[in-house]
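**Q** Below you will find the structure I want to go over with you.
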Amino acid sequence: MEMDYTMTITQPDRKNAVVSWTGGKDGCFSCLKAMSGGLRITHLLHFTNVKKRGSHELNPGIIRAQSEAMGIPLVQKDFSSYEEEFKEVIRDLRARGEQIDAAVFGHIETHGNLVNRICGVLDLELVMPLWKQDSKGLLKEMIESGLEVMVVSARGDLMGEDWLGRRIDGEFIHDLENLDVSIDFCGENGEFHTLVTDAPLFGKKIHVTGARRSFREGYWYLDINEWTLQEKGVVPISAGV
C-alpha cells in the first residue's frame, strides 16, 4: 500500500522542524512549502558522505552562504551512515534544549522507507511536500515561486558539460524535453543536480563568481570556489563560470 508522507500543517499547531538540506531545488522548495504551511524551520541539516565524492556534493562554504542568506542555523556533518548521523544530530539538538517536532525532506520518488524509519525512531513527524508529485509540474511550480536555480552537475552520457551553470527556467524545460524523454524533469534519477542561488525565503542572493569544470565518475561538475552574497535588487558584475 502506498503511504502518504505529506502532512497538513495548521498555523495554530505551529511546530518546529529541521530540513534535510543539500543546497538544491527539491529541499529548498520543500522548505518553502513547509514554512508556508506553518512550520517553523529551526535548522538546516547538511550531510556529506565521507565514503565517496557524490553528485550531490557542493562546496561546504556555499551551503553556509545559503544558511546565512536565509537566516536559518546550519548543522554540517560528515557521515558514514546517513541514518545514524541524522539520528545523532536530532538527539544532540534535543539535548541542548531544542524542541524538534518534525523533519522535512525533498524526496519525490526515492528513500521514503528510509526517512520514515528515521522519523519513527525519533518520534518526528515526517514531511515530504513533493512526494509522488509530477516532476514537470513541480519544476514549473519552482520557477513560478521565485526560486533561482543553476545546474551544478550533469550525467555525461545524458546531458553533458554544456548544461553546467544553466539556469532552470522555461527554456531549460523545453530543451530537456527535446534532449531525451528518459530524463526526469527534476533529475530524480540522478540525471542532474542543482544549487539554489535565490528564493523567496532568502534575505540575500548568492552570486557565483568563480568555478571550475571537471569530469569524474561519469558526471560533469561545476566546482564552485568563489561567490558573493548580495542585497536583492543589486545588479552584479558579470563573471563567467
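Letters A, B, ... mark the chains of the C-alpha cells in the order given; residue numbers begin at 1 per chain; ligand numbers begin at 1, in order shown.
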Would you list the contacts of Ile100 (chain A) as number ranges by chain, taking every protein, DNA or RNA residue within 12 Å and counting only C-alpha atoms, but skipping same-chain residues closer than 5 positions in sequence?

**A** A: 14-19, 39-43, 87, 89-95, 119, 122-126

**Q** Any chance you can output those residues with C-alpha atoms as a compact mmCIF listing (two decimals), in the first residue's frame?

**A**
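Written output follows (again-v1.txt):
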```
# COMPACT_ATOMS: atom_id res chain seq x y z
CA ARG A 14 2.83 25.63 14.95
CA LYS A 15 5.67 23.14 15.21
CA ASN A 16 9.44 23.22 14.93
CA ALA A 17 11.13 21.33 12.12
CA VAL A 18 14.54 20.64 10.63
CA VAL A 19 15.15 20.37 6.89
CA LEU A 39 6.14 25.00 10.23
CA ARG A 40 8.90 26.93 11.97
CA ILE A 41 12.24 25.83 10.49
CA THR A 42 14.88 25.77 13.22
CA HIS A 43 17.86 24.21 11.41
CA LYS A 87 19.54 10.49 14.48
CA VAL A 89 22.14 15.26 15.22
CA ILE A 90 18.50 15.33 16.32
CA ARG A 91 19.36 13.82 19.70
CA ASP A 92 22.16 16.36 20.16
CA LEU A 93 19.84 19.26 19.33
CA ARG A 94 17.24 17.99 21.79
CA ALA A 95 19.89 17.50 24.46
CA CYS A 119 11.43 9.71 11.89
CA LEU A 122 12.97 9.84 16.68
CA ASP A 123 9.23 10.47 17.13
CA LEU A 124 9.31 13.13 14.41
CA GLU A 125 6.51 13.95 12.03
CA LEU A 126 7.71 13.22 8.51
```

**Q** Name the residues in contact with region 198-214 of chain A at a cut-off of 8 Å, using only C-alpha atoms, excluding same-chain residues fewer than 2 positions from it; report them as a VMD selection string.

**A** chain A and resid 32 65 to 66 69 to 71 145 to 149 196 216 220 to 232 236 238 to 241

**Q** List every residue of region 12-236 of chain A that DSSP, applied to the backbone, labels as alpha helix (DSSP H), and write the result as a ChimeraX atom specification.

**A** /A:25-36,60-70,82-95,112-122,135-145,170-179

**Q** Can you pull out every residue within 7 Å of region 44-46 of chain A, counting only C-alpha atoms, but drop anything in the same chain fewer than 5 positions away, and send it as a PDB file with C-alpha atoms, in the first residue's frame?

**A**
```
ATOM      1  CA  VAL A  18      14.537  20.644  10.631  1.00  0.00           C
ATOM      2  CA  VAL A  19      15.146  20.368   6.888  1.00  0.00           C
ATOM      3  CA  SER A  20      17.414  17.850   5.200  1.00  0.00           C
ATOM      4  CA  TRP A  21      19.464  20.200   3.027  1.00  0.00           C
ATOM      5  CA  THR A  22      21.717  19.512   0.023  1.00  0.00           C
ATOM      6  CA  ILE A  72      18.438  29.771   9.493  1.00  0.00           C
ATOM      7  CA  PRO A  73      21.139  27.943  11.523  1.00  0.00           C
ATOM      8  CA  LEU A  74      23.036  25.187   9.729  1.00  0.00           C
ATOM      9  CA  VAL A  75      24.367  21.872  11.026  1.00  0.00           C
ATOM     10  CA  GLN A  76      27.031  20.338   8.769  1.00  0.00           C
ATOM     11  CA  LYS A  77      28.233  16.803   9.410  1.00  0.00           C
TER      12      LYS A  77
END
```

**Q** List the spatial neighbours of region 104-116 of chain A as a PyMOL selection string - criterion: any atom at most 9 Å away, only C-alpha atoms, same-chain residues fewer than 2 positions off excluded.

**A** chain A and resi 3+5+17-21+25-31+34+83+102+118-121+125-135+186+188-189

**Q** I need the strand (DSSP E) residues of region 114-218 of chain A per DSSP on the backbone, written as number ranges by chain.

**A** A: 125-127, 148-155, 192-198, 204-216

**Q** Excluding same-chain residues fewer than 4 positions from Phe172 (chain A), what lies within 12 Å of it counting only C-alpha atoms, as an MDAnalysis selection string?

**A** chainID A and resid 136 139:140 143 149:151 159 162:168 176:179 185:186

**Q** For Ser67 (chain A), which of A:Thr48, A:Gly187, A:Thr197, A:Leu138 is the closest residue, counting only C-alpha atoms?

**A** A:Thr197
